[in-house]
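Source file model_19.cif; content: mmCIF, C-alpha atoms.
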```
data_structure
#
loop_
_atom_site.label_atom_id
_atom_site.label_comp_id
_atom_site.auth_asym_id
_atom_site.auth_seq_id
_atom_site.Cartn_x
_atom_site.Cartn_y
_atom_site.Cartn_z
CA MET A 551 29.47 -157.29 4.17
CA ASN A 552 26.15 -155.55 4.74
CA LYS A 553 26.67 -155.65 8.51
CA GLN A 554 30.12 -154.08 8.11
CA THR A 555 28.74 -151.37 5.82
CA ASN A 556 25.94 -150.58 8.27
CA SER A 557 28.43 -150.30 11.13
CA ILE A 558 30.56 -147.87 9.14
CA LYS A 559 27.47 -145.76 8.31
CA LEU A 560 26.39 -145.73 11.96
CA ILE A 561 29.84 -144.52 13.01
CA LEU A 562 29.75 -141.81 10.34
CA TYR A 563 26.26 -140.68 11.44
CA ARG A 564 27.37 -140.45 15.06
CA PHE A 565 30.51 -138.51 14.07
CA ILE A 566 28.48 -136.08 11.93
CA SER A 567 25.89 -135.65 14.71
CA ILE A 568 28.54 -134.92 17.29
CA PHE A 569 30.25 -132.48 14.89
CA ILE A 570 26.96 -130.66 14.24
CA ILE A 571 26.15 -130.40 17.98
CA VAL A 572 29.63 -129.07 18.77
CA PHE A 573 29.41 -126.60 15.88
CA ILE A 574 26.05 -125.34 17.08
CA LEU A 575 27.24 -124.93 20.68
CA VAL A 576 30.41 -123.14 19.61
CA SER A 577 28.48 -120.93 17.21
CA CYS A 578 25.83 -120.00 19.78
CA GLU A 579 28.21 -119.18 22.63
CA PRO A 580 29.25 -115.72 21.35
CA PHE A 581 25.58 -114.94 20.55
CA ALA A 582 24.49 -115.87 24.07
CA SER A 583 27.25 -113.74 25.51
CA ASN A 584 26.27 -110.73 23.41
CA SER A 585 22.61 -111.13 24.40
CA ALA A 586 23.55 -111.04 28.06
CA ASN A 587 25.53 -107.84 27.55
CA GLN A 588 22.65 -106.19 25.70
CA THR A 589 20.25 -107.08 28.53
CA LEU A 590 22.43 -105.69 31.32
CA GLN A 591 23.36 -102.45 29.60
CA PRO A 592 19.95 -100.75 29.78
CA ALA A 593 19.65 -101.66 33.47
CA GLN A 594 22.99 -100.00 34.13
CA THR A 595 21.86 -96.93 32.21
CA ASN A 596 18.56 -96.66 34.14
CA THR A 597 20.26 -96.77 37.52
CA ALA A 598 22.40 -93.85 36.44
CA VAL A 599 19.41 -91.50 35.87
CA THR A 600 19.85 -88.25 37.86
CA LEU A 601 16.72 -86.90 39.47
CA PRO A 602 16.06 -83.22 38.78
CA PRO A 603 16.32 -81.15 41.97
CA LEU A 604 13.07 -79.79 43.34
CA PRO A 605 12.87 -75.98 43.74
CA SER A 606 12.99 -74.73 47.31
CA THR A 607 9.90 -73.49 49.16
CA PHE A 608 8.67 -70.08 48.05
CA GLN A 609 9.98 -67.24 50.20
CA THR A 610 8.94 -63.60 50.44
CA THR A 611 10.51 -60.50 51.93
CA LEU A 612 7.08 -59.19 52.93
CA LEU A 613 6.99 -61.33 56.08
CA ASN A 614 8.89 -60.72 59.30
CA PRO A 615 12.28 -62.52 58.98
CA LEU A 616 11.38 -64.79 61.91
CA ASP A 617 8.06 -65.80 60.33
CA THR A 618 9.08 -68.45 57.83
CA PRO A 619 6.88 -70.70 55.66
CA HIS A 620 6.41 -74.25 56.93
CA ASN A 621 5.24 -77.20 54.83
CA TYR A 622 2.90 -79.87 56.14
CA VAL A 623 2.36 -82.31 53.23
CA ASP A 624 4.89 -85.11 53.77
CA ASP A 625 4.20 -86.92 50.48
CA THR A 626 6.00 -84.94 47.76
CA CYS A 627 4.24 -86.78 44.93
CA ARG A 628 0.80 -86.10 46.40
CA TYR A 629 1.73 -82.45 46.95
CA LEU A 630 2.88 -81.95 43.35
CA ARG A 631 -0.17 -83.71 41.95
CA ASN A 632 -2.53 -81.57 44.03
CA LYS A 633 -0.57 -78.43 43.22
CA TRP A 634 -0.60 -78.85 39.43
CA ASN A 635 -3.89 -80.66 38.91
CA PRO A 636 -5.85 -78.29 36.62
CA SER A 637 -9.03 -79.19 38.52
CA ASN A 638 -7.56 -77.74 41.74
CA ALA A 639 -6.74 -74.23 42.94
CA LYS A 640 -4.03 -72.50 40.98
CA PRO A 641 -0.62 -71.92 42.60
CA GLY A 642 -0.61 -68.58 44.37
CA THR A 643 -4.14 -68.97 45.72
CA VAL A 644 -3.93 -67.17 49.06
CA VAL A 645 -6.12 -66.95 52.17
CA LEU A 646 -6.23 -64.03 54.59
CA ILE A 647 -7.56 -65.31 57.94
CA LEU A 648 -9.27 -62.52 59.84
CA MET A 649 -9.61 -62.38 63.64
CA VAL A 650 -12.49 -60.17 64.81
CA GLY A 651 -12.75 -59.49 68.53
CA SER A 652 -15.68 -57.08 68.50
CA ILE A 653 -17.22 -54.52 66.16
CA GLN A 654 -18.09 -51.37 68.10
CA THR A 655 -20.12 -48.29 67.22
CA GLY A 656 -18.13 -45.90 69.39
CA ALA A 657 -14.61 -45.79 70.74
CA VAL A 658 -12.77 -49.09 70.51
CA THR A 659 -12.23 -50.49 74.00
CA GLU A 660 -11.03 -54.04 73.25
CA PRO A 661 -7.56 -55.08 71.97
CA ASN A 662 -8.98 -56.96 68.97
CA GLY A 663 -11.92 -54.63 68.43
CA ILE A 664 -12.65 -52.29 65.53
CA ASN A 665 -14.99 -49.39 64.92
CA VAL A 666 -17.90 -50.33 62.68
CA VAL A 667 -16.92 -47.71 60.09
CA ASP A 668 -13.38 -49.07 59.88
CA PHE A 669 -14.75 -52.59 59.65
CA MET A 670 -16.93 -51.60 56.71
CA LYS A 671 -13.91 -49.99 55.02
CA THR A 672 -11.92 -53.19 55.49
CA MET A 673 -14.68 -55.32 53.97
CA GLN A 674 -15.08 -52.96 51.03
CA GLU A 675 -11.31 -52.93 50.42
CA LEU A 676 -11.18 -56.72 50.45
CA LYS A 677 -13.96 -56.84 47.87
CA SER A 678 -12.42 -54.15 45.67
CA GLN A 679 -9.11 -56.04 45.56
CA GLY A 680 -10.81 -59.23 44.42
CA PHE A 681 -11.13 -61.13 47.71
CA GLU A 682 -14.09 -63.42 48.37
CA ALA A 683 -15.11 -64.93 51.70
CA ILE A 684 -15.08 -68.70 52.15
CA ASP A 685 -16.48 -70.91 54.90
CA MET A 686 -14.55 -73.26 57.17
CA ARG A 687 -15.36 -76.38 55.16
CA GLU A 688 -13.97 -74.83 51.98
CA PHE A 689 -10.89 -73.74 53.86
CA LEU A 690 -10.32 -77.23 55.27
CA PHE A 691 -10.59 -78.90 51.86
CA PHE A 692 -8.32 -76.28 50.31
CA ILE A 693 -5.65 -76.60 52.96
CA GLU A 694 -5.80 -80.41 52.81
CA ARG A 695 -6.32 -81.12 49.11
CA ASN A 696 -6.01 -77.77 47.31
CA ILE A 697 -9.61 -77.70 46.09
CA ILE A 698 -10.64 -74.67 44.07
CA ILE A 699 -11.45 -71.56 46.09
CA PRO A 700 -11.28 -67.92 44.96
CA PRO A 701 -7.63 -67.00 44.14
CA ARG A 702 -7.85 -64.33 46.84
CA SER A 703 -9.90 -65.63 49.75
CA VAL A 704 -10.71 -64.36 53.21
CA LEU A 705 -11.83 -66.49 56.17
CA ILE A 706 -13.68 -64.27 58.64
CA ILE A 707 -13.60 -65.58 62.23
CA GLN A 708 -15.65 -63.73 64.83
CA ASP A 709 -14.41 -64.60 68.32
CA GLY A 710 -16.77 -64.87 71.30
CA ASN A 711 -20.49 -65.21 71.87
CA TYR A 712 -22.81 -62.59 70.42
CA GLU A 713 -26.53 -62.27 70.01
CA GLU A 714 -28.38 -62.49 66.70
CA GLU A 715 -28.77 -58.70 66.51
CA TYR A 716 -24.98 -58.25 66.49
CA TYR A 717 -24.63 -60.53 63.46
CA TYR A 718 -27.53 -58.94 61.64
CA LYS A 719 -26.09 -55.45 62.08
CA ASN A 720 -22.50 -56.30 61.17
CA TYR A 721 -22.56 -59.32 58.82
CA ARG A 722 -26.01 -59.95 57.36
CA GLU A 723 -25.64 -57.42 54.54
CA TYR A 724 -22.45 -59.08 53.28
CA TRP A 725 -24.20 -62.44 53.23
CA GLU A 726 -27.25 -61.15 51.37
CA ILE A 727 -25.33 -59.12 48.78
CA TRP A 728 -22.01 -60.97 48.37
CA LYS A 729 -22.84 -64.37 49.89
CA TRP A 730 -20.01 -63.91 52.39
CA PRO A 731 -20.33 -66.32 55.35
CA VAL A 732 -18.81 -65.81 58.79
CA VAL A 733 -17.29 -68.31 61.22
CA ASN A 734 -17.94 -67.91 64.94
CA GLY A 735 -15.42 -69.13 67.50
CA TRP A 736 -18.05 -70.06 70.08
CA GLN A 737 -17.28 -70.50 73.78
CA SER A 738 -19.43 -73.26 75.24
CA ASP A 739 -19.78 -71.53 78.59
CA PRO A 740 -22.21 -73.40 80.89
CA ASP A 741 -23.55 -70.02 82.05
CA THR A 742 -24.65 -69.02 78.53
CA LEU A 743 -28.31 -68.01 78.46
CA GLU A 744 -30.62 -70.38 76.62
CA ILE A 745 -31.94 -67.55 74.44
CA LEU A 746 -28.40 -66.82 73.22
CA TRP A 747 -27.90 -70.47 72.40
CA GLN A 748 -31.19 -70.55 70.49
CA GLU A 749 -30.42 -67.42 68.47
CA ASN A 750 -27.10 -68.89 67.37
CA ILE A 751 -28.70 -72.25 66.62
CA ASN A 752 -31.10 -70.43 64.29
CA MET A 753 -28.26 -68.71 62.43
CA GLU A 754 -26.38 -72.00 62.20
CA LYS A 755 -29.43 -73.61 60.59
CA GLU A 756 -29.73 -70.75 58.12
CA GLY A 757 -26.19 -71.55 56.97
CA TRP A 758 -24.53 -68.15 57.00
CA VAL A 759 -22.93 -68.41 60.47
CA ASP A 760 -20.77 -71.50 61.03
CA HIS A 761 -19.96 -72.12 64.69
CA GLN A 762 -16.65 -73.76 65.62
CA ALA A 763 -15.11 -74.42 69.04
CA GLN A 764 -13.34 -71.86 71.24
CA GLY A 765 -13.15 -73.69 74.54
CA VAL A 766 -15.58 -73.56 77.43
CA THR A 767 -14.62 -71.00 80.08
CA PRO A 768 -14.05 -67.37 79.03
CA GLN A 769 -10.84 -66.71 81.00
CA THR A 770 -8.93 -69.94 80.29
CA LYS A 771 -5.67 -69.75 78.33
CA LEU A 772 -4.17 -73.16 77.55
CA SER A 773 -0.43 -73.87 77.62
CA ASP A 774 1.98 -76.73 78.25
CA GLU A 775 1.59 -75.92 81.96
CA SER A 776 -2.16 -76.52 81.90
CA ALA A 777 -3.44 -79.50 83.85
CA LYS A 778 -4.85 -82.44 81.93
CA THR A 779 -8.25 -81.82 83.47
CA VAL A 780 -8.24 -78.20 82.24
CA ILE A 781 -7.23 -79.19 78.70
CA ALA A 782 -9.91 -81.90 78.66
CA ARG A 783 -12.52 -79.49 80.01
CA GLU A 784 -11.87 -76.94 77.27
CA LEU A 785 -11.55 -79.33 74.33
CA GLN A 786 -13.85 -82.24 75.19
CA GLY A 787 -16.32 -79.87 76.86
CA ALA A 788 -16.72 -77.96 73.59
CA LEU A 789 -17.33 -81.19 71.68
CA ASP A 790 -20.01 -82.24 74.15
CA ALA A 791 -21.79 -78.89 74.08
CA PHE A 792 -21.74 -78.68 70.28
CA GLY A 793 -23.21 -82.13 70.00
CA TYR A 794 -26.01 -81.24 72.41
CA TYR A 795 -26.91 -77.77 71.09
CA TYR A 796 -25.78 -77.59 67.47
CA GLY A 797 -26.06 -81.28 66.66
CA LYS A 798 -22.63 -81.39 65.08
CA THR A 799 -18.97 -82.03 65.88
CA PRO A 800 -16.66 -79.02 65.48
CA TYR A 801 -13.48 -79.77 63.55
CA ALA A 802 -11.85 -76.34 63.95
CA LEU A 803 -10.56 -74.92 67.22
CA VAL A 804 -9.97 -71.24 67.89
CA TRP A 805 -7.44 -71.40 70.72
CA PRO A 806 -9.09 -69.76 73.76
CA ASN A 807 -7.52 -66.37 74.45
CA GLY A 808 -4.71 -67.23 72.03
CA GLY A 809 -3.11 -69.81 74.34
CA PHE A 810 -1.76 -73.11 73.02
CA GLY A 811 1.20 -75.47 73.38
CA LEU A 812 2.49 -78.88 72.36
CA ARG A 813 0.37 -80.76 74.91
CA PRO A 814 -2.88 -78.94 74.02
CA VAL A 815 -2.18 -79.48 70.31
CA GLU A 816 -1.58 -83.20 70.85
CA ALA A 817 -4.77 -83.45 72.91
CA ALA A 818 -6.73 -81.63 70.19
CA ARG A 819 -5.44 -84.07 67.59
CA LEU A 820 -6.45 -87.04 69.75
CA LEU A 821 -9.95 -85.56 69.90
CA GLU A 822 -9.90 -85.27 66.09
CA TYR A 823 -9.80 -81.51 65.71
CA GLN A 824 -8.38 -80.85 62.25
CA LEU A 825 -7.62 -77.12 62.36
CA GLY A 826 -6.43 -74.74 65.07
CA PHE A 827 -6.18 -70.95 64.95
CA THR A 828 -3.80 -68.84 67.02
CA ALA A 829 -3.83 -65.08 67.60
CA ASN A 830 -0.45 -64.67 65.87
CA PRO A 831 -0.63 -62.46 62.73
CA ARG A 832 2.29 -64.12 60.89
CA GLY A 833 0.86 -63.70 57.39
CA PRO A 834 -1.53 -65.32 54.91
CA VAL A 835 -1.63 -69.05 54.17
CA MET A 836 -1.46 -71.07 50.95
CA TYR A 837 -1.62 -74.77 50.15
CA ASN A 838 1.31 -76.45 51.96
CA TRP A 839 2.62 -73.03 53.00
CA ILE A 840 2.00 -71.73 56.56
CA PRO A 841 4.17 -68.93 58.04
CA LEU A 842 5.24 -69.74 61.61
CA ALA A 843 8.01 -68.74 64.01
CA ASP A 844 10.46 -71.29 65.41
CA GLU A 845 11.72 -69.04 68.20
CA ALA A 846 10.48 -66.25 70.43
CA ASP A 847 10.81 -62.70 69.16
CA PRO A 848 11.85 -60.14 71.81
CA GLU A 849 10.18 -57.41 69.77
CA ARG A 850 6.87 -59.32 69.77
CA PRO A 851 6.79 -61.07 73.16
CA GLY A 852 3.04 -61.69 72.97
CA TYR A 853 3.38 -63.93 69.91
CA LEU A 854 3.96 -67.48 71.10
CA PRO A 855 6.39 -69.38 68.81
CA GLU A 856 4.59 -72.30 67.22
CA GLY A 857 7.01 -73.75 64.66
CA GLN A 858 8.63 -76.27 67.00
CA ILE A 859 5.25 -77.88 67.68
CA ASN A 860 5.52 -79.12 64.08
CA ASP A 861 1.79 -79.10 63.35
CA PRO A 862 1.09 -76.09 61.11
CA LEU A 863 -2.59 -76.90 60.61
CA MET A 864 -3.20 -76.69 64.37
CA THR A 865 -1.30 -73.39 64.73
CA LEU A 866 -2.66 -71.30 61.87
CA PRO A 867 -2.01 -67.52 61.94
CA ARG A 868 -4.70 -64.83 61.86
CA TYR A 869 -4.60 -61.12 61.05
CA ARG A 870 -6.07 -58.85 63.71
CA VAL A 871 -9.05 -57.02 62.27
CA ASN A 872 -7.64 -53.60 63.17
CA ASP A 873 -4.50 -54.37 61.16
CA ALA A 874 -6.17 -56.09 58.24
CA PHE A 875 -6.80 -52.98 56.11
CA THR A 876 -3.09 -52.27 55.71
CA ALA A 877 -2.31 -56.00 55.25
CA ILE A 878 -4.57 -56.50 52.23
CA ASP A 879 -1.99 -55.18 49.74
CA GLN A 880 0.69 -57.36 51.32
CA VAL A 881 -1.44 -60.50 51.07
CA ARG A 882 -2.36 -59.81 47.45
CA ILE A 883 1.29 -59.27 46.47
CA ILE A 884 2.41 -62.46 48.27
CA GLY A 885 -0.12 -64.41 46.24
CA GLU A 886 1.13 -62.85 43.01
CA GLU A 887 4.77 -63.55 43.92
CA ALA A 888 3.94 -67.17 44.77
CA ALA A 889 2.11 -67.65 41.46
CA ALA A 890 5.10 -66.30 39.49
CA TYR A 891 7.54 -68.48 41.45
CA ALA A 892 5.38 -71.54 40.81
CA GLN A 893 5.36 -70.94 37.06
CA ALA A 894 9.15 -70.57 37.06
CA SER A 895 9.38 -73.92 38.93
CA ARG A 896 6.75 -75.73 36.87
CA GLU A 897 9.02 -77.54 34.42
CA ALA A 898 11.34 -78.89 37.14
CA GLU A 899 8.44 -80.06 39.30
CA HIS A 900 6.68 -81.75 36.38
CA LYS A 901 9.91 -83.51 35.40
CA TYR A 902 10.41 -84.74 38.96
CA TYR A 903 6.82 -86.02 39.07
CA GLU A 904 7.21 -87.81 35.74
CA ILE A 905 10.35 -89.66 36.87
CA VAL A 906 9.56 -90.34 40.52
CA CYS A 907 5.79 -90.31 40.88
CA SER A 908 3.98 -91.22 37.68
CA GLU A 909 4.38 -94.98 37.99
CA ALA A 910 2.64 -95.09 41.39
CA TYR A 911 0.33 -92.05 41.07
CA GLY A 912 -0.38 -92.07 37.36
CA PRO A 913 0.48 -89.33 34.88
CA MET A 914 -0.01 -85.72 35.87
CA PRO A 915 -3.63 -84.71 35.09
CA THR A 916 -4.03 -82.46 32.09
CA PRO A 917 -6.80 -80.00 31.18
#
```
Can you turn what I pasted into structure tokens?
Amino acid sequence: MNKQTNSIKLILYRFISIFIIVFILVSCEPFASNSANQTLQPAQTNTAVTLPPLPSTFQTTLLNPLDTPHNYVDDTCRYLRNKWNPSNAKPGTVVLILMVGSIQTGAVTEPNGINVVDFMKTMQELKSQGFEAIDMREFLFFIERNIIIPPRSVLIIQDGNYEEEYYYKNYREYWEIWKWPVVNGWQSDPDTLEILWQENINMEKEGWVDHQAQGVTPQTKLSDESAKTVIARELQGALDAFGYYYGKTPYALVWPNGGFGLRPVEAARLLEYQLGFTANPRGPVMYNWIPLADEADPERPGYLPEGQINDPLMTLPRYRVNDAFTAIDQVRIIGEEAAAYAQASREAEHKYYEIVCSEAYGPMPTP
């Protein structure tokens, strides 16, 4: 009797256990299904996020229609972070690059020359409109990373080899009073007198004249037709001479006699030049904004088109010193226009950075 009762209880326990398991499975199935739907839904929503469009590159009517701004920072996130980092230069910071051929006391006899009185007027006008001179190192860091420089800056490049007296008469006063340095595009001509080398070495050591490369032979003008040996002579020859005399490696190249081309630019890059300056007065430059021409202009046949080379930092424009006085207003206004355009674009660019860039680059820096 007891055995029969125990068998019946065992059967009942098994039946109840099976019933409970089935009930639990049936009860949990809708819950599991709902959980799966809740997990997938947010993923579907995230993939549907629409990225805000980035504003187009700043344009101005103050440039020649064929001289259009070219960008050179490929990484959009890095560009936006550098642009809006409060520790960097503010949008609209502009640089006028000045090309000085010679400063003369009498009648001007050279194409890129200027009378000393007119040169003094140009310098005074730059100062009165809030411009400050920067050196080549500051310019390089600004153009690469947007470091802080004066909102209106001028980079003064004196072409050619001149004695110490020339610099003392024409530039020393601006260094002593305003702390304005000057860059010299130095030709490493083997026939240069040792005394001229020594005078320039002394000014280099003082720190107010920064020498950068301008080839080797005075009459050479590089182009895509130049032989490899000629390109090597002008570019590598300058590096060798600078190492021997100045004890440094130049990183900026003033294209000799304004000549350049794709092959010379590529060779300069292989030799680790970081900046190159043409004789084309396209306009001022800003961070990630270099005005260049993509095609030849029949009205300006002497200006070689540089846009198709696709290396803005090696084909930077310069204002001729005898045209600079009338260009100062233009440069100042371009900077003001660019600053206003940047502020109008700020919200869209910050939103883009937040969605696309912040995960990899971190949040946008704040003051």
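For the choices A:Glu723, A:Glu688, A:Asp617, A:Glu749, the atom-to-atom distance to Gly857 in chain A is smallest for A:Asp617 when using only C-alpha atoms.
With all atoms listed in the file as the atoms that count, the residue of A:Arg695, A:Arg628, A:Arg868, A:Lys729 with the shortest distance to Glu682 in chain A is A:Lys729.
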Residues at most 9 Å from Lys640 in chain A, counting all atoms listed in the file, excluding those fewer than 4 positions away in the same chain, as a compact mmCIF listing (two decimals) with C-alpha atoms, in the coordinates of the input?
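Writing done, so here's result20.txt:
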```txt
# COMPACT_ATOMS: atom_id res chain seq x y z
CA LYS A 633 -0.57 -78.43 43.22
CA TRP A 634 -0.60 -78.85 39.43
CA ASN A 635 -3.89 -80.66 38.91
CA PRO A 636 -5.85 -78.29 36.62
CA ASN A 696 -6.01 -77.77 47.31
CA ILE A 698 -10.64 -74.67 44.07
CA PRO A 701 -7.63 -67.00 44.14
CA ALA A 889 2.11 -67.65 41.46
```
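Using only C-alpha atoms for every distance, the candidate list A:Trp758, A:Tyr795, A:Phe681, A:Phe669 yields A:Phe681 as the residue closest to Gly885 in chain A.
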Selection near Tyr712 in chain A, 9 Å with all atoms listed in the file, sequence-local residues under 2 positions removed, as number ranges by chain: A: 709-710, 714-717, 736, 746, 750
Hey, can I get the axis-aligned box for range 704-711 of chain A? All listed atoms, 4 Å padding on each side, centre and edge lengths in Å to one decimal, as AutoDock Vina command-line options.
```
--center_x -15.6 --center_y -65.1 --center_z 62.5 --size_x 17.8 --size_y 10.8 --size_z 26.7
```
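With all atoms listed in the file as the basis for measurement, A:Gly809 is the residue among A:Phe792, A:Asn711, A:Ser637, A:Gly809 that approaches Thr770 in chain A most closely.
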The PyMOL selection byres ((chain A and resi 865) around 6) resolved against shown file, as number ranges by chain: A: 826-828, 862-864, 866
Can you write just those residues out, C-alpha atoms, as a short mmCIF file (atom, residue, chain, number, x, y, z; two decimals), in the frame of the given file?
```cif
data_model
loop_
_atom_site.label_atom_id
_atom_site.label_comp_id
_atom_site.auth_asym_id
_atom_site.auth_seq_id
_atom_site.Cartn_x
_atom_site.Cartn_y
_atom_site.Cartn_z
CA GLY A 826 -6.43 -74.74 65.07
CA PHE A 827 -6.18 -70.95 64.95
CA THR A 828 -3.80 -68.84 67.02
CA PRO A 862 1.09 -76.09 61.11
CA LEU A 863 -2.59 -76.90 60.61
CA MET A 864 -3.20 -76.69 64.37
CA LEU A 866 -2.66 -71.30 61.87
#
```
Between CA of Tyr796 in chain A and CA of Gln748 in chain A - distance in Å to one decimal: 9.4 Å
Test item: the PyMOL selection byres ((chain A and resi 662) around 10) resolved as number ranges by chain: A: 649-653, 658-661, 663-664, 709, 829, 869-873
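Rounded to one decimal, CA of Pro731 in chain A and CA of Ile878 in chain A lie 18.8 Å from each other.
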Pick from A:Gly852, A:Pro768, A:Gly797, A:Gly912 nearest to Thr742 in chain A, counting all atoms listed in the file: A:Pro768
CA of Glu713 in chain A to CA of Gly787 in chain A, straight-line distance in Å: 21.5 Å
Residue IDs satisfying the PyMOL selection byres ((chain A and resi 739) around 8), as a ChimeraX atom specification: /A:737-738,740-742,766-768
Counting only C-alpha atoms, the option among A:Asp625, A:Ala817, A:Ala910, A:Tyr837 closest to Asn638 in chain A: A:Tyr837
